[in-house]
file upload12.cif (mmCIF, C-alpha atoms)
data_start
#
loop_
_atom_site.label_atom_id
_atom_site.label_comp_id
_atom_site.auth_asym_id
_atom_site.auth_seq_id
_atom_site.Cartn_x
_atom_site.Cartn_y
_atom_site.Cartn_z
CA MET A 18 0.00 0.00 0.00
CA HIS A 19 2.75 2.35 0.91
CA THR A 20 4.68 1.64 -2.23
CA ASN A 21 1.74 2.62 -4.38
CA GLU A 22 1.10 5.76 -2.46
CA TYR A 23 4.69 6.79 -2.87
CA ALA A 24 4.66 6.10 -6.57
CA VAL A 25 1.64 8.33 -7.01
CA THR A 26 3.23 11.04 -4.96
CA THR A 27 6.46 10.96 -6.85
CA ALA A 28 4.56 11.30 -10.08
CA ARG A 29 2.72 14.27 -8.74
CA TYR A 30 5.92 15.97 -7.78
CA HIS A 31 6.98 16.28 -11.35
CA GLY A 32 5.03 19.12 -12.73
CA SER A 33 1.41 19.45 -11.84
CA PRO A 34 0.04 21.44 -8.91
CA MET A 35 -0.42 19.34 -5.88
CA ASP A 36 -2.64 19.28 -2.90
CA ARG A 37 -1.64 18.87 0.69
CA SER A 38 -1.85 15.07 0.55
CA ALA A 39 1.31 15.04 -1.54
CA ASP A 40 3.08 17.05 1.16
CA VAL A 41 1.84 14.64 3.79
CA ALA A 42 3.08 11.66 1.80
CA LEU A 43 6.44 13.29 1.24
CA ALA A 44 6.71 14.11 4.93
CA ASP A 45 5.87 10.51 5.76
CA ARG A 46 8.63 9.26 3.51
CA LEU A 47 11.11 11.65 5.08
CA MET A 48 10.00 10.45 8.46
CA ALA A 49 10.63 6.89 7.31
CA ARG A 50 14.15 8.02 6.35
CA ASP A 51 13.57 7.52 2.63
CA GLU A 52 16.40 9.44 0.98
CA SER A 53 14.63 9.59 -2.37
CA ALA A 54 12.01 11.75 -0.68
CA LEU A 55 14.62 14.39 -0.01
CA ASN A 56 15.68 14.21 -3.63
CA ASP A 57 12.07 14.79 -4.64
CA ALA A 58 11.81 17.73 -2.30
CA ILE A 59 14.93 19.23 -3.86
CA SER A 60 13.69 18.81 -7.41
CA THR A 61 10.35 20.32 -6.51
CA TYR A 62 11.37 23.17 -4.22
CA GLY A 63 15.10 23.59 -4.82
CA LYS A 64 14.78 26.51 -7.21
CA LEU A 65 12.43 28.37 -4.93
CA VAL A 66 14.64 27.80 -1.91
CA PHE A 67 17.72 28.91 -3.83
CA GLY A 68 15.79 31.92 -5.14
CA ILE A 69 15.07 32.97 -1.57
CA ALA A 70 18.65 32.46 -0.50
CA ARG A 71 19.88 34.54 -3.45
CA ARG A 72 17.38 37.25 -2.63
CA VAL A 73 18.83 37.65 0.85
CA VAL A 74 22.50 36.73 0.57
CA ALA A 75 24.77 38.51 -1.87
CA GLU A 76 27.38 35.81 -2.29
CA PRO A 77 26.18 32.89 -4.51
CA SER A 78 28.26 30.19 -2.81
CA LEU A 79 26.91 31.23 0.58
CA ALA A 80 23.41 31.27 -0.84
CA GLU A 81 23.99 27.70 -1.94
CA GLU A 82 25.02 26.83 1.59
CA VAL A 83 21.81 28.33 2.90
CA ALA A 84 19.82 26.24 0.41
CA GLN A 85 21.73 23.09 1.35
CA ASP A 86 21.19 23.77 5.04
CA THR A 87 17.49 24.21 4.40
CA PHE A 88 17.12 20.76 2.86
CA LEU A 89 19.41 19.20 5.45
CA ALA A 90 17.20 20.68 8.16
CA LEU A 91 14.18 19.09 6.49
CA TRP A 92 15.99 15.77 6.43
CA ARG A 93 17.21 15.95 9.98
CA ARG A 94 13.93 17.09 11.44
CA PRO A 95 11.03 16.29 9.14
CA GLY A 96 8.70 16.49 12.13
CA ALA A 97 9.16 20.24 12.18
CA TYR A 98 6.93 20.43 9.14
CA ASP A 99 3.28 20.23 10.06
CA PRO A 100 0.99 19.78 7.04
CA GLU A 101 -1.94 21.08 9.02
CA ARG A 102 -0.32 24.47 9.22
CA GLY A 103 0.44 24.91 5.55
CA GLY A 104 2.20 23.60 2.50
CA LEU A 105 5.71 22.24 2.47
CA GLN A 106 6.58 24.99 0.03
CA ALA A 107 5.79 27.74 2.54
CA PHE A 108 7.54 25.83 5.29
CA LEU A 109 10.75 25.46 3.29
CA ALA A 110 10.53 29.06 2.14
CA GLY A 111 10.35 30.21 5.75
CA VAL A 112 13.25 28.02 6.82
CA ALA A 113 15.37 29.23 3.90
CA ARG A 114 14.60 32.85 4.66
CA ASN A 115 15.40 32.44 8.36
CA LYS A 116 18.69 30.74 7.64
CA ALA A 117 19.63 33.39 5.11
CA ILE A 118 18.70 36.20 7.48
CA ASP A 119 20.71 34.66 10.28
CA LEU A 120 23.71 34.68 7.99
CA VAL A 121 23.44 38.33 6.98
CA ARG A 122 22.70 39.25 10.57
CA ARG A 123 25.99 37.75 11.66
CA GLU A 124 27.94 39.32 8.83
CA GLU A 125 26.70 42.66 7.63
CA ALA A 126 28.97 42.58 4.58
CA LEU A 127 26.95 39.67 3.20
CA ARG A 128 23.80 41.75 2.95
CA ARG A 129 22.46 42.77 -0.39
CA ALA A 130 22.54 46.44 -1.27
CA LYS A 131 19.36 48.43 -0.75
CA ASP A 132 18.79 49.45 -4.36
CA SER A 133 19.11 46.03 -5.92
CA LEU A 134 16.90 44.51 -3.23
CA ILE A 135 14.16 47.00 -3.87
CA ARG A 136 14.51 46.84 -7.64
CA GLU A 137 14.27 43.06 -7.62
CA ALA A 138 11.25 43.07 -5.33
CA GLU A 139 9.50 45.57 -7.60
CA ALA A 140 10.21 43.41 -10.64
CA THR A 141 9.01 40.26 -8.92
CA SER A 142 5.85 41.72 -7.53
CA ALA A 143 4.98 42.99 -10.98
CA THR A 144 5.30 39.55 -12.53
CA LEU A 145 2.02 37.83 -12.02
CA SER A 146 2.29 34.84 -14.24
CA THR A 147 5.56 33.03 -14.30
CA ASN A 148 7.01 30.37 -16.47
CA GLU A 149 8.40 28.74 -13.41
CA SER A 150 7.52 25.28 -12.22
CA GLN A 151 3.83 25.04 -11.55
CA VAL A 152 4.08 24.00 -7.95
CA GLU A 153 1.61 25.66 -5.65
CA VAL A 154 1.69 28.60 -7.97
CA GLU A 155 -1.52 30.03 -6.62
CA ASP A 156 -0.13 30.48 -3.17
CA ARG A 157 2.89 32.23 -4.58
CA GLU A 158 0.86 34.43 -6.85
CA ASP A 159 -1.26 35.49 -3.91
CA VAL A 160 1.81 36.72 -2.12
CA ARG A 161 3.15 38.51 -5.18
CA ILE A 162 -0.14 40.18 -5.90
CA ALA A 163 -0.44 41.28 -2.30
CA LEU A 164 3.08 42.63 -2.27
CA GLY A 165 2.34 44.43 -5.53
CA GLN A 166 -0.67 46.13 -3.98
CA VAL A 167 0.84 47.72 -0.90
CA SER A 168 2.25 51.19 -1.41
CA GLU A 169 5.74 51.51 -2.78
CA LEU A 170 6.93 53.05 0.47
CA GLN A 171 5.51 50.22 2.54
CA ARG A 172 6.95 47.64 0.18
CA GLU A 173 10.42 49.20 0.37
CA ALA A 174 10.41 49.09 4.14
CA ILE A 175 9.13 45.51 4.30
CA VAL A 176 11.58 44.28 1.68
CA LEU A 177 14.54 45.89 3.42
CA ALA A 178 13.55 44.31 6.72
CA TYR A 179 12.36 40.94 5.50
CA PHE A 180 14.80 40.17 2.72
CA GLY A 181 17.47 42.69 3.59
CA GLY A 182 17.99 41.77 7.21
CA ARG A 183 17.70 45.41 8.31
CA THR A 184 16.28 46.44 11.66
CA TYR A 185 13.60 49.12 11.62
CA ARG A 186 16.29 51.60 12.68
CA GLU A 187 18.46 50.64 9.76
CA VAL A 188 15.46 50.85 7.46
CA ALA A 189 14.89 54.38 8.74
CA ALA A 190 18.51 55.36 8.24
CA GLU A 191 18.78 53.91 4.74
CA LEU A 192 15.53 55.42 3.58
CA ASP A 193 16.31 58.64 5.39
CA ILE A 194 13.02 58.72 7.29
CA PRO A 195 12.29 59.03 11.02
CA GLU A 196 12.28 55.77 12.98
CA GLY A 197 8.63 56.22 13.85
CA THR A 198 7.83 56.40 10.16
CA ALA A 199 9.76 53.19 9.51
CA LYS A 200 7.77 51.40 12.23
CA THR A 201 4.51 52.72 10.82
CA ARG A 202 5.36 51.65 7.28
CA LEU A 203 6.20 48.14 8.40
CA ARG A 204 3.04 47.91 10.44
CA ASP A 205 0.67 49.41 7.90
CA GLY A 206 2.31 47.36 5.17
CA LEU A 207 1.87 44.09 7.06
CA MET A 208 -1.73 44.96 7.89
CA LYS A 209 -2.44 45.68 4.26
CA LEU A 210 -0.72 42.48 3.12
CA ARG A 211 -2.78 40.52 5.56
CA GLU A 212 -5.98 42.12 4.39
CA ILE A 213 -5.23 41.41 0.74
CA MET A 214 -4.10 37.84 1.34
CA GLU A 215 -7.14 37.10 3.46
CA SER A 216 -9.56 38.50 0.94
CA ARG A 217 -7.91 36.49 -1.85
CA ARG A 218 -8.16 33.34 0.21
CA GLY A 219 -11.75 34.02 1.00
CA SER A 220 -12.70 34.57 -2.62
CA MET B 293 1.78 48.70 32.31
CA ASP B 294 1.16 52.28 31.39
CA ALA B 295 -0.65 53.15 28.20
CA ARG B 296 2.26 54.95 26.63
CA GLU B 297 4.56 52.02 27.07
CA HIS B 298 1.92 49.74 25.60
CA GLU B 299 1.53 51.95 22.54
CA GLY B 300 5.28 52.04 22.11
CA MET B 301 5.49 48.28 22.20
CA LYS B 302 2.48 47.78 19.98
CA ALA B 303 4.12 49.94 17.34
CA LEU B 304 7.01 47.48 17.31
CA ILE B 305 5.02 44.28 16.89
CA ALA B 306 5.16 44.32 13.10
CA ALA B 307 8.89 44.96 13.18
CA TYR B 308 9.24 42.14 15.68
CA VAL B 309 7.42 39.66 13.48
CA LEU B 310 9.68 40.69 10.60
CA ASP B 311 12.78 40.17 12.79
CA ALA B 312 13.49 43.86 12.48
CA VAL B 313 13.75 44.83 16.13
CA PRO B 314 17.36 45.58 17.12
CA PRO B 315 18.88 43.26 19.74
CA GLU B 316 18.91 45.90 22.46
CA GLU B 317 15.12 46.29 22.26
CA ILE B 318 14.11 42.71 21.72
CA ASN B 319 13.79 41.74 25.36
CA SER B 320 11.37 44.48 26.21
CA VAL B 321 9.19 43.65 23.21
CA ARG B 322 9.18 39.98 24.10
CA SER B 323 8.27 40.41 27.69
CA HIS B 324 5.53 42.85 26.78
CA LEU B 325 4.20 40.43 24.18
CA LEU B 326 3.98 37.65 26.73
CA GLN B 327 1.87 39.74 29.05
CA CYS B 328 -0.30 41.54 26.55
CA GLU B 329 -3.18 39.67 24.90
CA ASP B 330 -3.82 42.56 22.59
CA CYS B 331 -0.26 42.63 21.23
CA MET B 332 -0.14 38.86 21.01
CA ALA B 333 -3.27 38.89 18.90
CA GLU B 334 -1.73 41.48 16.61
CA ALA B 335 1.44 39.41 16.28
CA ASP B 336 -0.60 36.31 15.52
CA GLY B 337 -2.38 38.19 12.80
CA TYR B 338 0.87 39.09 11.06
CA SER B 339 2.58 35.81 11.50
CA SER B 340 0.97 33.91 8.64
CA VAL B 341 1.71 36.82 6.33
CA ALA B 342 5.31 37.03 7.42
CA SER B 343 5.81 33.32 7.01
CA ARG B 344 4.54 33.40 3.43
CA LEU B 345 6.34 36.52 2.26
CA ALA B 346 9.37 34.47 1.32
CA LEU B 347 7.31 32.96 -1.49
CA ALA B 348 7.46 36.26 -3.33
CA VAL B 349 10.78 35.67 -5.05
CA ASP B 350 11.78 34.40 -8.46
CA GLU B 351 13.08 30.88 -8.67
CA GLN B 352 16.75 30.51 -9.45
CA GLU B 353 18.39 27.61 -11.24
CA LEU B 354 20.27 25.49 -8.75
CA PRO B 355 24.04 25.28 -9.15
CA ASP B 356 25.21 22.09 -10.87
CA GLY B 357 25.51 19.16 -8.50
CA PHE B 358 23.41 20.78 -5.78
CA ALA B 359 21.24 17.73 -5.07
CA ASP B 360 24.29 15.47 -5.18
CA ARG B 361 26.03 17.57 -2.56
CA VAL B 362 23.03 17.52 -0.25
CA MET B 363 22.57 13.78 -0.69
CA ALA B 364 26.26 13.15 -0.07
CA GLN B 365 25.96 15.01 3.20
CA VAL B 366 22.88 12.98 4.10
CA ARG B 367 24.70 9.74 3.40
CA SER B 368 27.64 10.80 5.52
CA GLU B 369 25.24 11.32 8.43
CA ARG B 370 23.60 7.90 8.16
CA PRO B 371 23.41 6.27 11.54
CA ALA B 372 25.32 3.01 11.86
CA VAL B 373 22.20 1.34 13.20
CA GLU B 374 18.73 2.21 12.02
CA PRO B 375 16.41 3.30 14.82
CA ALA B 376 14.28 0.35 15.83
CA THR B 377 11.06 2.25 16.22
CA THR B 378 9.51 4.97 14.18
CA ARG B 379 9.44 8.32 15.86
CA ARG B 380 6.38 9.33 14.07
CA GLY B 381 4.03 9.82 16.98
CA TRP B 382 6.58 11.82 18.79
CA SER B 383 7.61 13.79 15.77
CA TRP B 384 4.15 14.81 14.78
CA ASN B 385 3.40 15.86 18.24
CA LEU B 386 6.57 17.85 18.07
CA ALA B 387 5.60 19.20 14.72
CA SER B 388 2.46 20.90 15.84
CA ILE B 389 4.39 22.81 18.42
CA PHE B 390 7.55 23.41 16.48
CA ALA B 391 5.67 24.79 13.56
CA SER B 392 3.77 27.05 15.89
CA ALA B 393 5.06 30.45 16.40
CA ALA B 394 5.20 30.06 20.07
CA MET B 395 8.57 28.76 19.16
CA VAL B 396 9.45 32.20 18.04
CA LEU B 397 8.51 33.39 21.39
CA ILE B 398 10.16 30.74 23.44
CA VAL B 399 13.24 31.02 21.34
CA ALA B 400 12.95 34.71 21.72
CA VAL B 401 12.18 34.92 25.39
CA LEU B 402 14.58 32.31 26.49
CA GLY B 403 17.25 32.76 23.92
CA VAL B 404 17.50 29.22 22.65
CA SER B 405 17.14 28.06 19.13
CA LEU B 406 15.00 24.97 18.96
CA VAL B 407 13.98 25.00 15.37
CA ASP B 408 14.17 27.28 12.48
CA THR B 409 10.53 28.08 12.19
CA ARG B 410 9.85 31.63 13.06
CA GLY B 411 7.22 34.03 11.89
CA ASP B 412 4.25 32.49 13.56
CA LEU B 413 3.26 33.12 17.16
CA THR B 414 1.28 31.30 19.81
CA ARG B 415 1.94 30.72 23.47
CA GLU B 416 4.99 29.93 25.42
CA ARG B 417 2.76 28.03 27.81
CA GLU B 418 1.79 25.54 25.12
CA VAL B 419 5.38 24.85 24.31
CA THR B 420 6.32 24.42 27.90
CA GLU B 421 3.42 22.06 28.41
CA TRP B 422 4.34 20.09 25.37
CA LEU B 423 7.94 19.86 26.41
CA LEU B 424 6.83 18.63 29.79
CA SER B 425 4.74 15.88 28.23
CA ALA B 426 7.48 14.64 25.90
CA ASP B 427 9.81 11.74 26.48
CA GLY B 428 12.69 12.36 28.79
CA LEU B 429 13.42 12.78 32.46
CA ARG B 430 10.80 14.50 34.54
CA LEU B 431 12.11 16.40 37.55
CA HIS B 432 9.94 16.71 40.61
CA GLY B 433 9.78 19.32 43.30
CA PRO B 434 7.10 21.32 45.10
CA GLY B 435 5.27 23.58 42.66
CA VAL B 436 7.83 23.04 39.92
CA LYS B 437 7.33 21.51 36.50
CA ALA B 438 10.58 20.53 34.89
CA ALA B 439 11.95 18.03 32.42
CA VAL B 440 14.94 17.17 30.33
CA VAL B 441 13.71 16.25 26.87
CA PRO B 442 15.45 15.07 23.73
CA ASP B 443 15.77 17.62 20.98
CA ASP B 444 17.10 16.07 17.78
CA ASP B 445 20.82 16.54 18.16
CA GLY B 446 20.78 17.29 21.86
CA ALA B 447 18.51 17.82 24.78
CA LEU B 448 16.68 20.64 26.45
CA PHE B 449 16.00 21.36 30.05
CA VAL B 450 12.72 23.15 30.60
CA ALA B 451 11.27 24.32 33.87
CA SER B 452 8.55 26.53 35.20
CA GLY B 453 7.55 27.39 38.73
CA LEU B 454 11.08 27.83 40.08
CA SER B 455 11.81 30.69 42.46
CA ASP B 456 13.97 33.44 41.05
CA LEU B 457 17.18 33.39 43.07
CA ARG B 458 19.11 36.22 44.68
CA GLU B 459 21.96 37.60 42.66
CA ASP B 460 24.80 35.59 44.12
CA ARG B 461 23.10 32.25 43.60
CA VAL B 462 22.47 30.22 40.47
CA TYR B 463 20.68 27.04 39.61
CA GLN B 464 22.88 24.22 38.41
CA LEU B 465 21.68 21.22 36.48
CA TRP B 466 23.31 17.85 37.04
CA LEU B 467 23.06 14.83 34.78
CA MET B 468 23.90 11.42 36.11
CA ARG B 469 24.91 8.13 34.54
CA GLY B 470 24.84 4.75 36.12
CA ALA B 471 22.91 3.45 39.07
CA CYS B 472 21.84 6.80 40.40
CA ASP B 473 18.22 6.20 41.25
CA ALA B 474 18.73 5.23 44.84
CA GLU B 475 21.45 6.06 47.29
CA ASP B 476 24.40 3.69 47.34
CA ALA B 477 22.86 1.54 44.62
CA GLY B 478 26.09 1.40 42.67
CA PRO B 479 28.48 3.55 40.70
CA CYS B 480 26.93 6.84 39.62
CA ALA B 481 28.73 9.51 37.63
CA VAL B 482 27.52 13.06 38.12
CA GLU B 483 28.29 15.76 35.60
CA SER B 484 27.34 19.39 35.49
CA ALA B 485 25.12 20.41 32.61
CA GLY B 486 25.67 24.05 33.41
CA THR B 487 24.16 26.80 35.48
CA PHE B 488 21.09 28.82 34.63
CA GLU B 489 18.93 31.63 35.82
CA THR B 490 15.17 31.90 35.78
CA GLU B 491 12.88 34.54 34.44
CA ASP B 492 9.50 34.60 36.13
CA GLY B 493 10.34 31.15 37.41
CA ARG B 494 10.90 29.76 33.93
CA ALA B 495 14.03 28.44 32.33
CA ILE B 496 15.01 26.69 29.16
CA VAL B 497 18.54 25.42 28.73
CA ASP B 498 19.95 23.90 25.59
CA LEU B 499 22.14 21.11 26.89
CA GLU B 500 23.98 20.60 23.61
CA ARG B 501 24.39 16.92 24.33
CA PRO B 502 22.16 13.92 23.72
CA LEU B 503 20.16 12.52 26.56
CA GLN B 504 21.08 8.89 25.91
CA GLY B 505 22.85 7.22 28.80
CA TYR B 506 21.68 9.60 31.50
CA SER B 507 19.50 8.02 34.11
CA ARG B 508 18.82 10.92 36.39
CA ALA B 509 18.75 14.70 36.40
CA ALA B 510 18.63 17.08 39.32
CA VAL B 511 18.91 20.79 40.02
CA THR B 512 20.64 22.36 42.99
CA VAL B 513 21.18 25.93 44.10
CA GLU B 514 24.86 26.84 43.93
CA PRO B 515 26.99 29.94 44.48
CA GLU B 516 27.36 32.27 41.53
CA GLY B 517 29.52 30.64 38.85
CA GLY B 518 28.44 27.15 39.77
CA SER B 519 30.18 24.31 41.55
CA GLU B 520 32.34 21.35 40.54
CA ALA B 521 29.96 19.01 42.31
CA PRO B 522 26.60 19.60 44.01
CA THR B 523 27.01 21.38 47.35
CA THR B 524 23.33 21.43 48.33
CA ASP B 525 20.43 18.99 48.18
CA PRO B 526 18.48 18.97 44.94
CA ILE B 527 15.43 21.16 44.86
CA ILE B 528 14.09 19.24 41.90
CA ASP B 529 15.14 15.74 41.01
CA SER B 530 14.03 13.09 38.54
CA ALA B 531 14.61 10.41 41.17
CA ALA B 532 12.54 12.15 43.81
#
call {"tool": "encode", "arguments": {"input": "upload12.cif", "output": "C-alpha cells"}}
result
Amino acid sequence: MHTNEYAVTTARYHGSPMDRSADVALADRLMARDESALNDAISTYGKLVFGIARRVVAEPSLAEEVAQDTFLALWRRPGAYDPERGGLQAFLAGVARNKAIDLVRREEALRRAKDSLIREAEATSATLSTNESQVEVEDREDVRIALGQVSELQREAIVLAYFGGRTYREVAAELDIPEGTAKTRLRDGLMKLREIMESRRGS
Amino acid sequence: MDAREHEGMKALIAAYVLDAVPPEEINSVRSHLLQCEDCMAEADGYSSVASRLALAVDEQELPDGFADRVMAQVRSERPAVEPATTRRGWSWNLASIFASAAMVLIVAVLGVSLVDTRGDLTREREVTEWLLSADGLRLHGPGVKAAVVPDDDGALFVASGLSDLREDRVYQLWLMRGACDAEDAGPCAVESAGTFETEDGRAIVDLERPLQGYSRAAVTVEPEGGSEAPTTDPIIDSAA
C-alpha cells in the first residue's frame, strides 16, 4: 500500500500542482528516512529555496550553503513540518529565509545592497504569471499580488527588513526617514498584506 | 503597564514579526508580548503573512551538482544502526508545536534556538506544556514543573515554577549516569550540565548533548559561577 502511495506522490511531484496530501506523503517518507524523498523535495522546491537564499545573501556560494542547510534541516527534522499548518513549500521558504537572514545578521557585509533589493522586489511583484515550475503557484501568486498592492513606500520598508535583514532603525537610516515612520510603514504594510491575502483566500 | 509604554510596544510588533527589532530592544518587546493579549493577537495576525512573504521571489536555477552535494551530506550522516522504532508519533506531536510560532517566542524569550521556524506566534505556555509531556526525564519538586527532553541533536531542560534566586546564587543542572536512582545503589557519575537563571520562574537550557545514557537529572542551588559538584540537596530531582 505504501509503495503505491509513494509512486503516485512521486509522479505528482513532477510538474502538476499538488494538494496537501502530496506534502503529507512526502513528509511521511522523510520520516521513514527515505532518501529519495529528499531528492524529490529538492527537485520540486530547490529553485524556490535557492531563489530565496539569493534574494537575501549577496554571495552565490553562501546562498547555496543556505539552500543546502534548508534541505538538510528538512531531512534531519522532518517532524518540524506540520501539514496542518500549511504547504511544504511555505515551510521550506520560511526556513530558507530564516537561515539566510541569520547569515546576513551575523555578517553585515553579506547583505544585499538596498537598491538592488528593492529593484528586484519591484520586478518580482509585478510579474504575475511566471514560467516557473507550476508547484503551488496560486499560493505564490497570492503573495506577489499582495506585495504588488501595498504602497511603494511600505513595500520598500518591508523588503529591506524581510529580505534585507535590516532592523527598523536601519530601514529608517537607509531610507532617510524618522524611525517612527519606519515602524509605521512596516506595520501598515503588514496589515495591508494581511488584508489582501485574506480576501484572496476568501474569494 | 502604562498606556504609553503599551503603545510604544504595539508599534514594534510588526517589526518584531519581521525580525526587524534591534537586539537591544528585543527583550522588552518579548516580555511585553507575553503579558499583553492585545499585542499577542496582533502578532498572531501578522505571522501567517510574514511566514509566506518568502514565497514572493523568483526561482533561481540550482548550481550544478546541488542535489548530489546535499545527498552526499545525508549519506555521511547515516546512523550506523537504524532506529528500531519509528518516531512518528513523537515527531508529529513535536511538529504541531515546532511549527507554531510560540517557538518564536520561546526562542525569543529564552534565547535558545529549537527550530528554524519563526514568523508564527502562539503561546509559550503551550510549548512548555508540550515539552513537559514529551519523552525524557521529569524532575519533581514542590510547585515546579521541569523536564529534560530530547531535541534532535541534543537535549533541552525546561522548567517553570522555580523561584527566582538572589543575585549571588544560580541554579545548576546535574546529569547522572549509572545506578543513580537510589542512594548507594552502585556507581553513579555526576556531571554538570551548566548553570542557569530563571525569568518569572521559567528556564530553558539547551544542553547541547544527547540525553542517551543519563538516568537521572537534578537541580541544585549553587553559588554564583556554579560548583564542581553539588554542594546542596536537589530542589528538583528526577529520582525524587
call {"tool": "atom_distance", "arguments": {"input": "upload12.cif", "atom1": "atom CA of Thr61 of chain A", "atom2": "atom CA of Arg136 of chain A"}}
result
26.9 Å
call {"tool": "resolve_selection", "arguments": {"input": "upload12.cif", "expression": "the PyMOL selection byres ((chain A) within 6 of (chain B))", "output": "PyMOL selection string"}}
result
chain A and resi 64-65+67-68+85+96-99+107+110-112+157+160-161+178-179+184-185+204+211
call {"tool": "write_last_selection", "arguments": {"input": "upload12.cif", "atoms": "C-alpha atoms", "output": "PDB file, in the frame of the given file"}}
result
ATOM      1  CA  LYS A  64      14.780  26.510  -7.210  1.00  0.00           C
ATOM      2  CA  LEU A  65      12.430  28.370  -4.930  1.00  0.00           C
ATOM      3  CA  PHE A  67      17.720  28.910  -3.830  1.00  0.00           C
ATOM      4  CA  GLY A  68      15.790  31.920  -5.140  1.00  0.00           C
ATOM      5  CA  GLN A  85      21.730  23.090   1.350  1.00  0.00           C
ATOM      6  CA  GLY A  96       8.700  16.490  12.130  1.00  0.00           C
ATOM      7  CA  ALA A  97       9.160  20.240  12.180  1.00  0.00           C
ATOM      8  CA  TYR A  98       6.930  20.430   9.140  1.00  0.00           C
ATOM      9  CA  ASP A  99       3.280  20.230  10.060  1.00  0.00           C
ATOM     10  CA  ALA A 107       5.790  27.740   2.540  1.00  0.00           C
ATOM     11  CA  ALA A 110      10.530  29.060   2.140  1.00  0.00           C
ATOM     12  CA  GLY A 111      10.350  30.210   5.750  1.00  0.00           C
ATOM     13  CA  VAL A 112      13.250  28.020   6.820  1.00  0.00           C
ATOM     14  CA  ARG A 157       2.890  32.230  -4.580  1.00  0.00           C
ATOM     15  CA  VAL A 160       1.810  36.720  -2.120  1.00  0.00           C
ATOM     16  CA  ARG A 161       3.150  38.510  -5.180  1.00  0.00           C
ATOM     17  CA  ALA A 178      13.550  44.310   6.720  1.00  0.00           C
ATOM     18  CA  TYR A 179      12.360  40.940   5.500  1.00  0.00           C
ATOM     19  CA  THR A 184      16.280  46.440  11.660  1.00  0.00           C
ATOM     20  CA  TYR A 185      13.600  49.120  11.620  1.00  0.00           C
ATOM     21  CA  ARG A 204       3.040  47.910  10.440  1.00  0.00           C
ATOM     22  CA  ARG A 211      -2.780  40.520   5.560  1.00  0.00           C
TER      23      ARG A 211
END
call {"tool": "closest_residue", "arguments": {"input": "upload12.cif", "among": "A:Asp156, A:Glu196, A:Glu101, A:Asp205", "to": "Arg217 of chain A", "atoms": "only C-alpha atoms"}}
result
A:Asp156
call {"tool": "atom_distance", "arguments": {"input": "upload12.cif", "atom1": "atom CA of Val441 of chain B", "atom2": "atom CA of Gly428 of chain B"}}
result
4.5 Å
call {"tool": "atom_distance", "arguments": {"input": "upload12.cif", "atom1": "atom CA of Pro100 of chain A", "atom2": "atom CA of Arg37 of chain A"}}
result
6.9 Å
call {"tool": "residues_around", "arguments": {"input": "upload12.cif", "residues": "Glu489 of chain B", "least_positions_apart": "5", "cutoff": "9 Å", "atoms": "all atoms listed in the file", "output": "number ranges by chain"}}
result
B: 456-457, 461-464, 494-495
call {"tool": "residues_around", "arguments": {"input": "upload12.cif", "residues": "segment 479-488 of chain B", "least_positions_apart": "3", "cutoff": "7 Å", "atoms": "only C-alpha atoms", "output": "ChimeraX atom specification"}}
result
/B:462-472,499,518
call {"tool": "residues_around", "arguments": {"input": "upload12.cif", "residues": "Gln166 of chain A", "least_positions_apart": "3", "cutoff": "12 Å", "atoms": "all atoms listed in the file", "output": "list of chain:residue names"}}
result
A:Glu139, A:Ser142, A:Ala143, A:Leu145, A:Asp159, A:Val160, A:Arg161, A:Ile162, A:Ala163, A:Glu169, A:Leu170, A:Gln171, A:Arg172, A:Gly206, A:Leu207, A:Met208, A:Lys209, A:Leu210, A:Arg211, A:Glu212, A:Ile213, A:Met214
call {"tool": "write_last_selection", "arguments": {"input": "upload12.cif", "atoms": "C-alpha atoms", "output": "tab-separated table (two decimals), in the frame of the given file"}}
result
chain	number	residue	atom	x	y	z
A	139	GLU	CA	9.50	45.57	-7.60
A	142	SER	CA	5.85	41.72	-7.53
A	143	ALA	CA	4.98	42.99	-10.98
A	145	LEU	CA	2.02	37.83	-12.02
A	159	ASP	CA	-1.26	35.49	-3.91
A	160	VAL	CA	1.81	36.72	-2.12
A	161	ARG	CA	3.15	38.51	-5.18
A	162	ILE	CA	-0.14	40.18	-5.90
A	163	ALA	CA	-0.44	41.28	-2.30
A	169	GLU	CA	5.74	51.51	-2.78
A	170	LEU	CA	6.93	53.05	0.47
A	171	GLN	CA	5.51	50.22	2.54
A	172	ARG	CA	6.95	47.64	0.18
A	206	GLY	CA	2.31	47.36	5.17
A	207	LEU	CA	1.87	44.09	7.06
A	208	MET	CA	-1.73	44.96	7.89
A	209	LYS	CA	-2.44	45.68	4.26
A	210	LEU	CA	-0.72	42.48	3.12
A	211	ARG	CA	-2.78	40.52	5.56
A	212	GLU	CA	-5.98	42.12	4.39
A	213	ILE	CA	-5.23	41.41	0.74
A	214	MET	CA	-4.10	37.84	1.34
call {"tool": "closest_residue", "arguments": {"input": "upload12.cif", "among": "B:Arg296, B:Ala447, B:Gly435, B:Ser519", "to": "Gly493 of chain B", "atoms": "all atoms listed in the file"}}
result
B:Gly435
call {"tool": "resolve_selection", "arguments": {"input": "upload12.cif", "expression": "the PyMOL selection byres ((chain B and resi 436) around 8)", "output": "list in words"}}
result
His432, Gly433, Pro434, Gly435, Lys437, Ala438, Ala451, Ser452, Gly453, Leu454 and Ile528 of chain B
call {"tool": "write_last_selection", "arguments": {"input": "upload12.cif", "atoms": "C-alpha atoms", "output": "PDB file, in the frame of the given file"}}
result
ATOM      1  CA  HIS B 432       9.940  16.710  40.610  1.00  0.00           C
ATOM      2  CA  GLY B 433       9.780  19.320  43.300  1.00  0.00           C
ATOM      3  CA  PRO B 434       7.100  21.320  45.100  1.00  0.00           C
ATOM      4  CA  GLY B 435       5.270  23.580  42.660  1.00  0.00           C
ATOM      5  CA  LYS B 437       7.330  21.510  36.500  1.00  0.00           C
ATOM      6  CA  ALA B 438      10.580  20.530  34.890  1.00  0.00           C
ATOM      7  CA  ALA B 451      11.270  24.320  33.870  1.00  0.00           C
ATOM      8  CA  SER B 452       8.550  26.530  35.200  1.00  0.00           C
ATOM      9  CA  GLY B 453       7.550  27.390  38.730  1.00  0.00           C
ATOM     10  CA  LEU B 454      11.080  27.830  40.080  1.00  0.00           C
ATOM     11  CA  ILE B 528      14.090  19.240  41.900  1.00  0.00           C
TER      12      ILE B 528
END
call {"tool": "residues_around", "arguments": {"input": "upload12.cif", "residues": "Tyr62 of chain A", "least_positions_apart": "3", "cutoff": "8 Å", "atoms": "all atoms listed in the file", "output": "list in words"}}
result
Ala58, Ile59, Leu65, Val66, Gln106 and Leu109 of chain A
